Structures are given as structure tokens and as C-alpha cells.
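Novice: Sharing run.txt, compact mmCIF, C-alpha atoms and all ligand atoms:
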```txt
# COMPACT_ATOMS: atom_id res chain seq x y z
CA MET A 84 34.16 -89.10 11.60
CA THR A 85 32.77 -91.34 14.32
CA THR A 86 31.45 -89.96 17.55
CA ALA A 87 31.89 -91.62 20.92
CA ARG A 88 28.13 -92.19 21.02
CA GLU A 89 28.08 -93.96 17.65
CA ALA A 90 30.86 -96.22 18.88
CA GLY A 91 28.86 -97.09 21.99
CA LEU A 92 31.07 -94.98 24.20
CA VAL A 93 30.73 -91.91 26.34
CA ALA A 94 33.34 -89.27 27.04
CA CYS A 95 33.86 -87.63 30.43
CA ARG A 96 33.58 -83.89 29.88
CA ARG A 97 35.62 -83.15 33.02
CA CYS A 98 38.74 -85.25 32.40
CA GLY A 99 38.51 -86.65 28.87
CA GLN A 100 38.29 -90.32 29.86
CA VAL A 101 36.34 -92.58 27.49
CA GLU A 102 34.00 -95.19 28.98
CA VAL A 103 31.38 -97.61 27.67
CA ILE A 104 28.08 -95.82 27.15
CA SER A 105 26.33 -97.62 30.01
CA ALA A 106 28.85 -96.42 32.63
CA PRO A 107 27.10 -94.06 35.07
CA HIS A 108 30.28 -92.52 36.49
CA CYS A 109 33.74 -91.76 35.20
CA GLN A 110 36.28 -94.22 36.58
CA ARG A 111 38.96 -91.60 36.54
CA CYS A 112 37.42 -88.56 38.22
CA GLY A 113 34.05 -89.76 39.51
CA SER A 114 31.92 -87.26 37.52
CA ALA A 115 28.49 -88.34 36.35
CA LEU A 116 28.51 -89.35 32.68
CA GLN A 117 25.92 -88.54 30.05
CA SER A 118 26.39 -89.15 26.37
CA ARG A 119 24.16 -86.15 25.71
CA ASP A 120 22.54 -84.01 28.32
CA GLU A 121 18.94 -84.65 27.26
CA ARG A 122 17.60 -81.92 29.50
CA SER A 123 20.29 -79.46 28.47
CA LEU A 124 17.96 -77.13 26.56
CA GLN A 125 15.28 -77.16 29.27
CA LYS A 126 17.87 -76.11 31.84
CA VAL A 127 19.30 -73.48 29.49
CA TRP A 128 15.87 -71.92 28.96
CA ALA A 129 14.99 -72.03 32.66
CA TRP A 130 18.19 -70.32 33.81
CA LEU A 131 18.14 -67.88 30.92
CA ILE A 132 14.55 -66.75 31.57
CA ALA A 133 15.31 -66.37 35.28
CA GLY A 134 18.39 -64.33 34.40
CA MET A 135 16.43 -62.08 32.03
CA ILE A 136 13.67 -61.51 34.58
CA VAL A 137 16.01 -60.36 37.34
CA TYR A 138 17.93 -58.19 34.88
CA ILE A 139 14.88 -55.92 34.64
CA PRO A 140 14.80 -54.73 38.30
CA ALA A 141 18.60 -54.62 38.15
CA ASN A 142 18.27 -51.76 35.66
CA LEU A 143 15.26 -49.98 37.15
CA TYR A 144 16.22 -49.85 40.82
CA PRO A 145 19.27 -48.24 42.42
CA MET A 146 22.60 -50.05 42.61
CA LEU A 147 23.98 -47.53 45.07
CA ILE A 148 22.31 -45.30 47.64
CA THR A 149 24.54 -42.38 48.57
CA ARG A 150 23.77 -40.18 51.57
CA SER A 151 25.91 -37.12 51.65
CA LEU A 152 25.39 -34.21 54.08
CA GLY A 153 21.79 -35.07 54.71
CA HIS A 154 20.80 -35.51 51.10
CA THR A 155 20.25 -38.87 49.45
CA SER A 156 20.87 -39.83 45.86
CA ASP A 157 20.40 -43.11 44.06
CA SER A 158 22.27 -44.36 41.06
CA THR A 159 21.29 -47.13 38.71
CA ILE A 160 23.66 -49.23 36.59
CA PHE A 161 23.36 -46.81 33.73
CA GLY A 162 23.55 -43.81 36.11
CA GLY A 163 26.84 -45.18 37.41
CA VAL A 164 28.23 -45.20 33.88
CA VAL A 165 27.07 -41.63 33.26
CA GLU A 166 28.72 -40.57 36.53
CA LEU A 167 32.05 -42.00 35.36
CA VAL A 168 31.73 -40.16 32.06
CA GLU A 169 31.10 -36.93 33.98
CA LEU A 170 34.25 -37.60 36.03
CA GLY A 171 36.10 -37.79 32.72
CA SER A 172 37.06 -41.46 33.10
CA TYR A 173 35.91 -42.50 29.65
CA ASP A 174 37.91 -45.72 29.56
CA ILE A 175 36.59 -46.92 32.93
CA ALA A 176 33.07 -45.84 31.97
CA PHE A 177 33.43 -47.96 28.86
CA VAL A 178 34.63 -50.98 30.88
CA VAL A 179 31.64 -50.74 33.25
CA PHE A 180 29.19 -50.17 30.39
CA PHE A 181 30.60 -53.14 28.53
CA ALA A 182 30.53 -55.43 31.60
CA SER A 183 27.09 -54.40 32.88
CA VAL A 184 25.12 -53.69 29.71
CA VAL A 185 26.79 -55.05 26.57
CA ILE A 186 27.87 -58.44 27.97
CA PRO A 187 24.55 -59.33 29.71
CA ILE A 188 22.37 -58.31 26.75
CA GLY A 189 24.75 -59.85 24.24
CA LYS A 190 24.69 -63.02 26.30
CA PHE A 191 20.88 -63.20 26.36
CA ILE A 192 20.75 -62.88 22.58
CA ALA A 193 23.59 -65.35 22.03
CA ILE A 194 22.08 -68.01 24.29
CA ILE A 195 18.64 -67.63 22.68
CA TYR A 196 20.25 -68.00 19.24
CA LEU A 197 22.22 -71.09 20.29
CA ALA A 198 19.21 -72.76 21.92
CA ILE A 199 16.86 -72.08 19.02
CA SER A 200 19.34 -73.14 16.36
CA VAL A 201 19.91 -76.43 18.20
CA GLN A 202 16.17 -77.00 18.56
CA ARG A 203 15.75 -76.47 14.83
CA ARG A 204 18.67 -78.82 14.18
CA SER A 205 20.34 -76.14 12.11
CA ILE A 206 23.45 -77.21 10.23
CA LEU A 207 24.53 -73.67 9.40
CA ASN A 208 27.55 -71.90 10.89
CA MET A 209 28.45 -74.72 13.22
CA HIS A 210 31.99 -73.51 13.74
CA GLN A 211 30.85 -69.96 14.42
CA ARG A 212 28.16 -71.12 16.85
CA HIS A 213 30.68 -73.25 18.67
CA LYS A 214 33.03 -70.25 18.91
CA LEU A 215 30.15 -68.11 20.17
CA TYR A 216 29.46 -70.66 22.91
CA GLU A 217 33.11 -70.57 23.97
CA VAL A 218 33.10 -66.77 24.06
CA ILE A 219 29.99 -66.51 26.25
CA GLU A 220 31.31 -69.18 28.61
CA PHE A 221 34.52 -67.21 28.99
CA ILE A 222 33.20 -63.68 29.19
CA GLY A 223 30.03 -64.01 31.31
CA ARG A 224 31.70 -63.86 34.70
CA TRP A 225 33.23 -60.45 33.92
CA SER A 226 29.81 -58.87 34.37
CA MET A 227 30.36 -59.19 38.12
CA ILE A 228 32.58 -56.07 38.07
CA ASP A 229 29.76 -53.73 39.06
CA VAL A 230 28.68 -55.94 41.95
CA PHE A 231 32.18 -55.75 43.38
CA VAL A 232 32.27 -51.98 42.88
CA VAL A 233 29.10 -51.69 44.97
CA ALA A 234 30.47 -53.99 47.68
CA ILE A 235 33.75 -52.05 47.97
CA LEU A 236 32.14 -48.61 47.90
CA SER A 237 29.60 -49.51 50.54
CA ALA A 238 32.28 -51.00 52.79
CA LEU A 239 34.63 -48.09 52.30
CA VAL A 240 32.37 -45.06 52.42
CA GLN A 241 30.84 -45.16 55.88
CA LEU A 242 31.50 -41.67 57.27
CA ASP A 243 28.33 -41.19 59.29
CA SER A 244 27.61 -37.48 58.98
CA ILE A 245 29.61 -36.71 55.84
CA ALA A 246 28.83 -39.52 53.43
CA THR A 247 27.61 -43.09 53.43
CA ILE A 248 27.12 -45.44 50.52
CA ASN A 249 24.85 -48.47 50.74
CA PRO A 250 23.91 -51.12 48.19
CA GLY A 251 20.45 -51.04 46.64
CA ILE A 252 18.24 -53.90 45.55
CA ALA A 253 19.59 -53.71 41.99
CA ALA A 254 22.99 -54.91 43.21
CA VAL A 255 21.41 -58.16 44.38
CA SER A 256 19.24 -58.67 41.31
CA PHE A 257 22.15 -57.89 39.01
CA ALA A 258 24.37 -60.42 40.81
CA LEU A 259 21.60 -63.02 40.46
CA SER A 260 21.23 -62.22 36.78
CA VAL A 261 24.95 -62.86 36.18
CA LEU A 262 24.77 -66.05 38.23
CA PHE A 263 21.73 -67.39 36.36
CA THR A 264 23.13 -66.65 32.91
CA MET A 265 26.44 -68.28 33.85
CA LEU A 266 24.45 -71.37 34.83
CA ALA A 267 22.49 -71.14 31.56
CA ALA A 268 25.74 -71.14 29.57
CA GLN A 269 27.14 -74.01 31.62
CA SER A 270 23.98 -76.07 31.07
CA PHE A 271 24.33 -75.84 27.30
CA ASP A 272 25.75 -79.04 25.83
CA PRO A 273 27.88 -77.97 22.83
CA ARG A 274 27.80 -81.52 21.44
CA LEU A 275 24.21 -80.78 20.42
CA ILE A 276 25.45 -78.16 17.93
CA TRP A 277 27.40 -80.81 16.04
CA ASP A 278 24.80 -83.55 16.34
CA ALA A 279 22.54 -81.81 13.81
CA SER A 280 24.98 -82.69 11.04
CA ARG A 281 25.13 -86.34 12.03
CA ASN A 282 22.50 -88.90 11.21
CA THR A 283 21.33 -89.94 14.61
CA GLU A 284 18.98 -92.89 14.57
CA MET B 99 33.33 -102.61 14.26
CA SER B 100 36.20 -103.44 16.54
CA LEU B 101 37.54 -100.78 18.84
CA PRO B 102 41.00 -100.29 20.22
CA PRO B 103 41.26 -100.41 24.04
CA LEU B 104 39.51 -97.51 25.75
CA GLU B 105 42.77 -96.02 27.04
CA ASP B 106 43.84 -95.43 23.44
CA LEU B 107 40.77 -93.38 22.59
CA VAL B 108 40.16 -89.71 23.11
CA ALA B 109 36.76 -88.11 22.60
CA CYS B 110 36.34 -84.38 22.08
CA SER B 111 34.57 -82.85 25.08
CA GLN B 112 32.89 -80.27 22.85
CA CYS B 113 31.60 -82.32 19.91
CA ASP B 114 32.03 -85.99 20.89
CA THR B 115 34.20 -86.89 17.88
CA LEU B 116 36.30 -89.95 18.64
CA HIS B 117 40.03 -89.96 17.96
CA ASN B 118 42.87 -92.36 18.53
CA ALA B 119 45.26 -91.15 21.18
CA MET B 120 48.61 -90.29 19.67
CA THR B 121 52.05 -89.91 21.06
CA LEU B 122 52.98 -86.27 20.96
CA SER B 123 56.41 -84.79 21.23
CA GLU B 124 57.11 -82.15 23.84
CA GLY B 125 55.07 -78.98 23.39
CA GLU B 126 52.78 -80.43 20.72
CA THR B 127 49.01 -80.11 20.89
CA ALA B 128 46.48 -82.36 19.21
CA ALA B 129 43.22 -80.68 18.20
CA CYS B 130 39.83 -82.14 17.31
CA ARG B 131 39.45 -82.74 13.58
CA GLN B 132 35.80 -81.68 13.68
CA CYS B 133 35.74 -78.55 15.84
CA GLY B 134 39.35 -77.65 16.62
CA THR B 135 39.13 -77.96 20.41
CA PRO B 136 42.47 -79.04 21.92
CA LEU B 137 42.33 -82.75 22.79
CA MET B 138 45.65 -83.34 24.43
CA THR B 139 48.93 -81.58 24.88
CA SER B 140 52.31 -82.84 25.75
CA ARG B 141 53.81 -80.43 28.16
CA SER B 142 55.83 -81.08 31.25
CA SER B 143 53.17 -80.89 33.91
CA ALA B 144 55.31 -78.45 35.94
CA LEU B 145 53.69 -79.81 39.08
CA ALA B 146 56.34 -78.46 41.43
CA ARG B 147 55.85 -74.95 40.10
CA VAL B 148 52.05 -75.19 40.18
CA LEU B 149 52.28 -76.39 43.79
CA SER B 150 54.59 -73.59 44.90
CA LEU B 151 52.39 -70.97 43.21
CA ALA B 152 49.31 -72.46 44.89
CA LEU B 153 51.00 -72.39 48.31
CA THR B 154 52.09 -68.78 47.72
CA SER B 155 48.50 -67.93 46.80
CA VAL B 156 47.22 -69.32 50.10
CA VAL B 157 49.70 -67.17 52.03
CA LEU B 158 48.79 -64.08 49.98
CA MET B 159 45.10 -64.77 50.48
CA ILE B 160 45.57 -64.92 54.25
CA ALA B 161 47.56 -61.66 54.13
CA ALA B 162 44.93 -60.08 51.90
CA ILE B 163 42.12 -60.86 54.30
CA SER B 164 43.91 -59.89 57.49
CA PHE B 165 45.56 -56.56 56.69
CA PRO B 166 43.88 -53.20 55.96
CA PHE B 167 42.81 -52.97 52.33
CA LEU B 168 41.90 -49.33 51.73
CA ASP B 169 41.56 -46.28 53.96
CA LEU B 170 39.50 -43.24 53.29
CA ASP B 171 40.09 -39.75 54.63
CA VAL B 172 37.54 -36.95 54.21
CA GLN B 173 38.15 -33.69 56.06
CA GLY B 174 39.94 -35.51 58.86
CA ARG B 175 37.27 -38.22 59.16
CA GLN B 176 38.64 -41.69 58.64
CA SER B 177 36.95 -44.76 57.34
CA GLY B 178 38.65 -47.91 56.19
CA THR B 179 38.01 -51.41 55.11
CA SER B 180 39.67 -54.77 54.97
CA VAL B 181 38.63 -57.42 52.47
CA ILE B 182 36.59 -58.97 55.26
CA GLY B 183 35.10 -55.51 55.75
CA ALA B 184 34.05 -55.44 52.11
CA VAL B 185 32.40 -58.78 52.69
CA LEU B 186 30.72 -57.79 55.94
CA ALA B 187 29.36 -54.51 54.67
CA PHE B 188 25.73 -55.27 55.26
CA GLN B 189 24.61 -52.01 56.79
CA SER B 190 21.49 -52.13 54.68
CA SER B 191 19.15 -55.02 54.09
CA TRP B 192 20.49 -55.66 50.57
CA GLY B 193 24.00 -55.93 51.88
CA PHE B 194 23.58 -59.39 53.34
CA PRO B 195 22.96 -61.49 50.20
CA LEU B 196 25.60 -59.37 48.49
CA ALA B 197 28.06 -60.14 51.29
CA ILE B 198 27.53 -63.87 50.84
CA ALA B 199 28.11 -63.62 47.10
CA VAL B 200 31.27 -61.53 47.49
CA ALA B 201 32.64 -63.80 50.24
CA GLY B 202 32.02 -66.82 48.03
CA PHE B 203 33.54 -65.44 44.85
CA ILE B 204 36.64 -63.80 46.31
CA ILE B 205 37.51 -65.81 49.42
CA ILE B 206 35.69 -69.10 49.96
CA LEU B 207 35.68 -70.55 46.44
CA PRO B 208 39.23 -69.42 45.54
CA LEU B 209 40.53 -70.88 48.83
CA THR B 210 38.61 -74.13 48.33
CA ARG B 211 40.06 -74.36 44.85
CA LEU B 212 43.61 -73.81 46.10
CA ILE B 213 43.27 -76.34 48.90
CA ALA B 214 41.76 -78.96 46.56
CA LEU B 215 44.60 -78.43 44.09
CA ILE B 216 47.30 -78.66 46.76
CA TYR B 217 45.66 -81.79 48.18
CA ALA B 218 45.49 -83.42 44.74
CA ILE B 219 48.97 -82.70 43.41
CA GLY B 220 51.01 -82.35 46.62
CA PRO B 221 52.08 -86.01 46.91
CA LEU B 222 52.79 -86.24 43.16
CA THR B 223 55.53 -83.63 43.36
CA ARG B 224 57.32 -85.85 45.90
CA GLY B 225 56.88 -88.87 43.64
CA ALA B 226 54.45 -90.41 46.13
CA LYS B 227 51.12 -92.10 45.44
CA PRO B 228 48.14 -89.75 45.15
CA ARG B 229 45.97 -89.28 48.19
CA ARG B 230 42.52 -90.82 48.42
CA TYR B 231 40.02 -88.72 46.48
CA ALA B 232 42.88 -86.82 44.80
CA ARG B 233 41.01 -87.16 41.49
CA GLN B 234 37.79 -85.81 42.91
CA ALA B 235 39.76 -82.96 44.46
CA PHE B 236 41.38 -82.08 41.14
CA ALA B 237 38.04 -82.33 39.33
CA LEU B 238 36.56 -79.97 41.94
CA ALA B 239 39.43 -77.50 41.53
CA GLU B 240 38.84 -77.43 37.77
CA ARG B 241 35.10 -77.09 38.22
CA LEU B 242 35.48 -74.08 40.50
CA ARG B 243 37.67 -72.23 38.02
CA PRO B 244 34.96 -69.95 36.56
CA TRP B 245 33.54 -69.21 40.03
CA SER B 246 36.75 -67.91 41.50
CA MET B 247 36.71 -64.21 40.71
CA VAL B 248 39.75 -62.58 42.31
CA GLU B 249 40.82 -60.89 39.07
CA ILE B 250 37.35 -59.48 38.45
CA PHE B 251 37.27 -58.18 42.04
CA MET B 252 40.52 -56.29 41.38
CA VAL B 253 39.00 -54.57 38.34
CA GLY B 254 36.03 -53.65 40.56
CA VAL B 255 38.45 -52.16 43.10
CA THR B 256 40.00 -50.00 40.37
CA VAL B 257 36.61 -48.67 39.32
CA ALA B 258 35.66 -47.99 42.96
CA LEU B 259 38.91 -46.08 43.52
CA ILE B 260 38.17 -43.83 40.57
CA LYS B 261 34.66 -43.19 41.85
CA VAL B 262 35.83 -42.07 45.30
CA ALA B 263 38.94 -40.24 44.14
CA GLY B 264 37.08 -36.92 43.91
CA LEU B 265 35.35 -37.38 47.24
CA ALA B 266 38.23 -38.33 49.48
CA THR B 267 41.89 -39.18 49.88
CA VAL B 268 42.39 -42.90 49.63
CA THR B 269 45.32 -44.72 51.22
CA ILE B 270 46.19 -48.11 49.82
CA GLY B 271 46.96 -50.69 52.50
CA PRO B 272 49.22 -53.78 52.41
CA ALA B 273 46.26 -56.09 51.72
CA PHE B 274 45.70 -54.28 48.43
CA TRP B 275 49.17 -55.26 47.24
CA ALA B 276 48.76 -58.79 48.57
CA PHE B 277 45.55 -59.09 46.60
CA ALA B 278 47.13 -57.65 43.45
CA ALA B 279 49.97 -60.18 43.77
CA LEU B 280 47.41 -62.93 44.31
CA VAL B 281 45.73 -62.03 41.01
CA VAL B 282 49.03 -62.17 39.10
CA ILE B 283 50.00 -65.50 40.67
CA THR B 284 46.55 -66.98 40.04
CA VAL B 285 46.78 -66.09 36.36
CA LEU B 286 50.30 -67.57 36.13
CA LYS B 287 49.24 -70.71 37.95
CA ASP B 288 46.15 -71.24 35.79
CA GLN B 289 48.23 -70.90 32.63
CA LEU B 290 50.69 -73.43 33.93
CA ILE B 291 48.08 -76.02 34.87
CA CYS B 292 47.92 -78.51 32.05
CA ARG B 293 44.82 -80.58 32.67
CA TYR B 294 45.86 -83.43 30.38
CA SER B 295 49.27 -83.89 31.93
CA ILE B 296 47.93 -83.67 35.48
CA TRP B 297 45.36 -86.38 34.71
CA GLU B 298 48.13 -88.45 33.18
CA GLU B 299 50.28 -87.98 36.27
CA LEU B 300 47.38 -88.98 38.50
CA ASP B 301 46.89 -92.11 36.35
CA THR B 302 50.51 -93.20 36.27
CA ALA B 303 51.11 -92.44 39.95
CA ARG B 304 48.23 -94.78 40.83
CA ALA B 305 50.04 -97.78 39.44
ZN ZN A 401 36.22 -88.05 34.25
ZN ZN A 402 35.55 -81.55 18.69
```
Take the structure from the file and write it as C-alpha cells.
Ligand SMILES: [Zn+2]
Ligand SMILES: [Zn+2]

Specialist:
Amino acid sequence: MTTAREAGLVACRRCGQVEVISAPHCQRCGSALQSRDERSLQKVWAWLIAGMIVYIPANLYPMLITRSLGHTSDSTIFGGVVELVELGSYDIAFVVFFASVVIPIGKFIAIIYLAISVQRRSILNMHQRHKLYEVIEFIGRWSMIDVFVVAILSALVQLDSIATINPGIAAVSFALSVLFTMLAAQSFDPRLIWDASRNTE
Amino acid sequence: MSLPPLEDLVACSQCDTLHNAMTLSEGETAACRQCGTPLMTSRSSALARVLSLALTSVVLMIAAISFPFLDLDVQGRQSGTSVIGAVLAFQSSWGFPLAIAVAGFIIILPLTRLIALIYAIGPLTRGAKPRRYARQAFALAERLRPWSMVEIFMVGVTVALIKVAGLATVTIGPAFWAFAALVVITVLKDQLICRYSIWEELDTARA
């Protein structure tokens, strides 16, 4: 099977238009064209490392600061899950745990695996790796659930003397972590997975 | 090696494999031979329906941001919020960057996406020529898709409701229902948008 690059062509990833390889922009939709994103892996690593770094304070510091009748309590991401379990909402606790812990960590591991296997020009499991890439692209944004929970609770619960809820620093670092890993996934050029099996130059 | 004209070629966006464009019958999908990614579909582009859903979404979005969203009642003390309130909740120093993120993901980017889509496909539904920059507008609308998070916000609202349920009585306001309807319509609209046919329509309408 011939690739667009081998035929001296480049495909627009936004709209599907095929152009000659020297074309800088897509005639149809105006997007910048690149046969392969040469700096794809650099960008992936940069965003991924940034996302992993801010994920650490996101877990150590409070997401929510609750002041109730003069006494203050903090809850972290994990503390928020435990709280839901104590309320008996096991299903919701599972949703939050999945969105805030399983997805981010799973995503770190998956992106590292994809980047390393492309660097090593691995020809194993190409279909599975491509599927994995599609899954992380699709699922990453769902980690934002907890950020929205914090925003709603802190807007809603503002009853001066009885109870107030305010966001903690972890809410911001967690939101950044989701943002950075979404950018890491978007920077990955899936065509690189398949290139390993093709004799390029 | 001689190539057919560029219009007759389709390259897979995921693996770069080149295919010849084929004529599909209604409802058929052509997938990449290498990786299985859909290459093109033949579906009626349902532009009129996409447009009416997008216009409805704009109205619902305006309703969702102007009416009360949720009200809280604890021992006679009231506290409420609108969607704007949820965005403007920067009582503490960490609230401000959070407010910008929430405003972007649930109001600004979804609205930008809707307006770009309406701008791009509006004239096509009347059989008119596309507006200037209609293609860029449609490309922008597609690009913003992952960053528009109304459905994720609604899941967050559900979790928040469960967390405060023990603490207080919560009254659900009209904006809540407007937002819920917005989520349903957004999902319907996104399923109806067929990228390939809209690009085709934009191409043929140019001529
Ligand atoms: Zn294009
Ligand atoms: Zn393919």
C-alpha cells in the first residue's frame, strides 16, 4: 500500500484534502500541512512531563476547603472519593475515582508507551497501539469532572456563618494536568506508528 | 508512477495510506485498508437539521447562563448560583484561574463553536454560496470539538448535587434544565454532523 508521502503528496488531517507535498497550506480549509510532524515526539514529551509534574501537587494539596461552623477541613482528590464512599454513593465515587485517578495515570502510561514504541520504530501491535491512541484522545477530557465539581460547589456553598466551600490549589494544578495531557495526546502524530513498518528512505 | 487527479485521491488521516476515492451508495462507509479508520461516508449531510439544532443550542445556552441554576437552603439561609455564578466564584485566590477555565470550557468555546458552525453552513441550507472564510469557520468548529465540555460539566453537576444533598436542600432552577437540554442537543448535533459530506457541500457550493 502506498502512502501519500511516498506518492509525493500530503494529506490534510483536518479535512482530508490531498495536496502536493510542497504545499504549505490546505487549499480547502487553510490548515497548515505537514507530511509528518517532525517535532511531534518532542512536543508529546514536553506536554506529558508538564502534565505529570502538575499532577503531583494536584494529589497532595486540597481540592476543596470547607469552612463549616468555624471549623475548616480540606479534602484532596482521593479524600473526595472517600467522602462519596462514606455517603454511600458507590457508583458516583467510582466515576470520580475513574475520572481523576485511573484516567490520568492510565494516560501517562499509555502516552509514554506510544512515544517510546515509536522512537524504537517498533512494528509490534500496530493496530492495538493505534486503538490505544484513539481511546486516550477520546477519554482524556473526561478527567475534568472533578474540576467542575469544585467550581460548582464553591459557587453554590457560600453561606457565610454556616458553611463555605472554596477551591484549593489542587483544583488549578489538576485542571492544568488535564489540559497538558490533552495537548500531549493531540501532539502525537499517529502516522508515525505505521511508518515503522514502511521502508522510509 | 502516474497519479490520478488529486480530487480522486483520499489519504487516511491516521496512517497516511493513499486510496482512490470511490463512489459510495447512501449510508455506506469506506474505511482505510491499513488501519480501519473511516475515510469517507455517504450520508445526506442533514444540513438543515444540524443548523436548527445549532440555533436551538444557542438559545438554550443563553437561557442556561441567564436563569438561576441551583439554589441552596440550609436552616433558612439561602445561597444560589447561576452558571455565570459558577464561573465567577473566585472568592479565594485559586478561584480566578479556575473561573477562566470553566468559562472557557462551558460557555466561550461551546458558543464559539456553535457560531462558527452556523456561519459556515447557514447559507448552504438555503442553497446559497458559502460565506467568505466558511471553510476556516467549519475547520475551527471541528477543532474546538474536544474543548467544548458541556456534557462533562453536567456530570460534574450531578456529583456536586450528591455531595451537598446531606448538607442542604437543593432547588433546581430553570437554567439546570436548559443546560441538560443543551447537552442532549449537542450530542445529537455532533452525531449528525458528517464531516465528509459537509466538506463536499462546501466544495460543490463554491462552484
Ligand atoms: Zn484541509
Ligand atoms: Zn489508515

Novice: Please build the interface table for segment 182-252 of chain B against segment 274-291 of chain B with a cut-off of 10 Å, listing for each qualifying residue the nearest atom pair and the distance in Å to one decimal; count all atoms listed in the file, order rows by chain and increasing number, and write it as a tab-separated table.

Specialist:
```
residue	atom	partner	partner_atom	distance
B:Pro208	CA	B:Thr284	CA	9.5
B:Leu212	CA	B:Thr284	CA	9.6
B:Glu240	CA	B:Asp288	CA	9.8
B:Arg243	CA	B:Asp288	CA	8.8
B:Ser246	CA	B:Thr284	CA	10.0
B:Met247	CA	B:Val281	CA	9.3
B:Val248	CA	B:Val281	CA	6.1
B:Glu249	CA	B:Val281	CA	5.4
B:Ile250	CA	B:Val281	CA	9.1
B:Phe251	CA	B:Val281	CA	9.4
B:Met252	CA	B:Ala278	CA	7.1
```

Novice: Just to be explicit: take each residue in the selection above, keep C-alpha atoms, and write the result as a short mmCIF file (atom, residue, chain, number, x, y, z; two decimals), in the coordinates of the input.

Specialist:
```cif
data_model
loop_
_atom_site.label_atom_id
_atom_site.label_comp_id
_atom_site.auth_asym_id
_atom_site.auth_seq_id
_atom_site.Cartn_x
_atom_site.Cartn_y
_atom_site.Cartn_z
CA PRO B 208 39.23 -69.42 45.54
CA LEU B 212 43.61 -73.81 46.10
CA GLU B 240 38.84 -77.43 37.77
CA ARG B 243 37.67 -72.23 38.02
CA SER B 246 36.75 -67.91 41.50
CA MET B 247 36.71 -64.21 40.71
CA VAL B 248 39.75 -62.58 42.31
CA GLU B 249 40.82 -60.89 39.07
CA ILE B 250 37.35 -59.48 38.45
CA PHE B 251 37.27 -58.18 42.04
CA MET B 252 40.52 -56.29 41.38
#
```

Novice: Which residue gives the smallest distance to ligand ZN 401 (chain A) among B:Arg241, B:Leu259, B:Val253, B:Pro195, with only C-alpha atoms and all ligand atoms counted?

Specialist: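 Of the candidates, the smallest distance to ligand ZN 401 (chain A) is held by B:Arg241.
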
Novice: May I ask for the distance between atom CA of Thr179 of chain B and atom CA of Thr269 of chain B, given in Å to one decimal place?

Specialist: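 One can read the atom CA of Thr179 of chain B to atom CA of Thr269 of chain B distance as 10.6 Å.
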
Novice: Can you measure atom CA of Glu217 of chain A to atom CA of Pro273 of chain A for me? One decimal in Å is fine.

Specialist: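 Separation between atom CA of Glu217 of chain A and atom CA of Pro273 of chain A: 9.1 Å.
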
Novice: Padding 5 Å on every side, please: axis-aligned box over the listed atoms of segment 115-124 of chain B, centre and edge lengths to one decimal in Å, as JSON.

Specialist:
```
{"center_x": 45.7, "center_y": -87.3, "center_z": 20.9, "size_x": 32.9, "size_y": 20.2, "size_z": 16.0}
```

Novice: Output the neighbourhood of ligand ZN 401 (chain A) as a ChimeraX atom specification, that is, all protein and nucleic acid residues with some atom at most 10 Å from the ligand, counting all atoms listed in the file.

Specialist: /A:94-102,108-116 /B:233-234,237,297

Novice: What would segment 206-211 of chain B look like with all heavy atoms in place, written as a PDB file, in the frame of the given file?

Specialist:
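Ended up saving to part30.pdb:
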```
ATOM      1  N   ILE B 206      35.984 -67.695  49.669  1.00  0.00           N
ATOM      2  CA  ILE B 206      35.690 -69.100  49.960  1.00  0.00           C
ATOM      3  C   ILE B 206      35.991 -70.010  48.765  1.00  0.00           C
ATOM      4  O   ILE B 206      36.733 -70.983  48.894  1.00  0.00           O
ATOM      5  CB  ILE B 206      34.231 -69.266  50.438  1.00  0.00           C
ATOM      6  CG1 ILE B 206      34.046 -68.453  51.725  1.00  0.00           C
ATOM      7  CG2 ILE B 206      33.898 -70.743  50.686  1.00  0.00           C
ATOM      8  CD1 ILE B 206      32.616 -68.218  52.116  1.00  0.00           C
ATOM      9  N   LEU B 207      35.444 -69.671  47.589  1.00  0.00           N
ATOM     10  CA  LEU B 207      35.680 -70.550  46.440  1.00  0.00           C
ATOM     11  C   LEU B 207      37.142 -70.547  45.978  1.00  0.00           C
ATOM     12  O   LEU B 207      37.691 -71.615  45.721  1.00  0.00           O
ATOM     13  CB  LEU B 207      34.712 -70.208  45.289  1.00  0.00           C
ATOM     14  CG  LEU B 207      33.229 -70.425  45.626  1.00  0.00           C
ATOM     15  CD1 LEU B 207      32.332 -70.035  44.466  1.00  0.00           C
ATOM     16  CD2 LEU B 207      32.961 -71.867  46.031  1.00  0.00           C
ATOM     17  N   PRO B 208      37.805 -69.359  45.901  1.00  0.00           N
ATOM     18  CA  PRO B 208      39.230 -69.420  45.540  1.00  0.00           C
ATOM     19  C   PRO B 208      40.061 -70.242  46.525  1.00  0.00           C
ATOM     20  O   PRO B 208      40.919 -71.012  46.102  1.00  0.00           O
ATOM     21  CB  PRO B 208      39.667 -67.948  45.571  1.00  0.00           C
ATOM     22  CG  PRO B 208      38.429 -67.166  45.370  1.00  0.00           C
ATOM     23  CD  PRO B 208      37.314 -67.973  45.968  1.00  0.00           C
ATOM     24  N   LEU B 209      39.770 -70.107  47.842  1.00  0.00           N
ATOM     25  CA  LEU B 209      40.530 -70.880  48.830  1.00  0.00           C
ATOM     26  C   LEU B 209      40.241 -72.381  48.702  1.00  0.00           C
ATOM     27  O   LEU B 209      41.160 -73.194  48.755  1.00  0.00           O
ATOM     28  CB  LEU B 209      40.185 -70.427  50.247  1.00  0.00           C
ATOM     29  CG  LEU B 209      41.126 -69.415  50.898  1.00  0.00           C
ATOM     30  CD1 LEU B 209      40.690 -69.146  52.332  1.00  0.00           C
ATOM     31  CD2 LEU B 209      42.567 -69.917  50.906  1.00  0.00           C
ATOM     32  N   THR B 210      38.971 -72.718  48.501  1.00  0.00           N
ATOM     33  CA  THR B 210      38.610 -74.130  48.330  1.00  0.00           C
ATOM     34  C   THR B 210      39.357 -74.713  47.141  1.00  0.00           C
ATOM     35  O   THR B 210      39.893 -75.819  47.173  1.00  0.00           O
ATOM     36  CB  THR B 210      37.090 -74.264  48.068  1.00  0.00           C
ATOM     37  OG1 THR B 210      36.402 -73.515  49.052  1.00  0.00           O
ATOM     38  CG2 THR B 210      36.634 -75.714  48.117  1.00  0.00           C
ATOM     39  N   ARG B 211      39.399 -73.909  46.064  1.00  0.00           N
ATOM     40  CA  ARG B 211      40.060 -74.360  44.850  1.00  0.00           C
ATOM     41  C   ARG B 211      41.551 -74.592  45.093  1.00  0.00           C
ATOM     42  O   ARG B 211      42.104 -75.612  44.670  1.00  0.00           O
ATOM     43  CB  ARG B 211      39.876 -73.260  43.790  1.00  0.00           C
ATOM     44  CG  ARG B 211      39.951 -73.790  42.425  1.00  0.00           C
ATOM     45  CD  ARG B 211      39.845 -72.721  41.387  1.00  0.00           C
ATOM     46  NE  ARG B 211      40.675 -73.181  40.298  1.00  0.00           N
ATOM     47  CZ  ARG B 211      41.388 -72.403  39.528  1.00  0.00           C
ATOM     48  NH1 ARG B 211      41.355 -71.102  39.683  1.00  0.00           N
ATOM     49  NH2 ARG B 211      42.111 -72.915  38.577  1.00  0.00           N
TER      50      ARG B 211
END
```
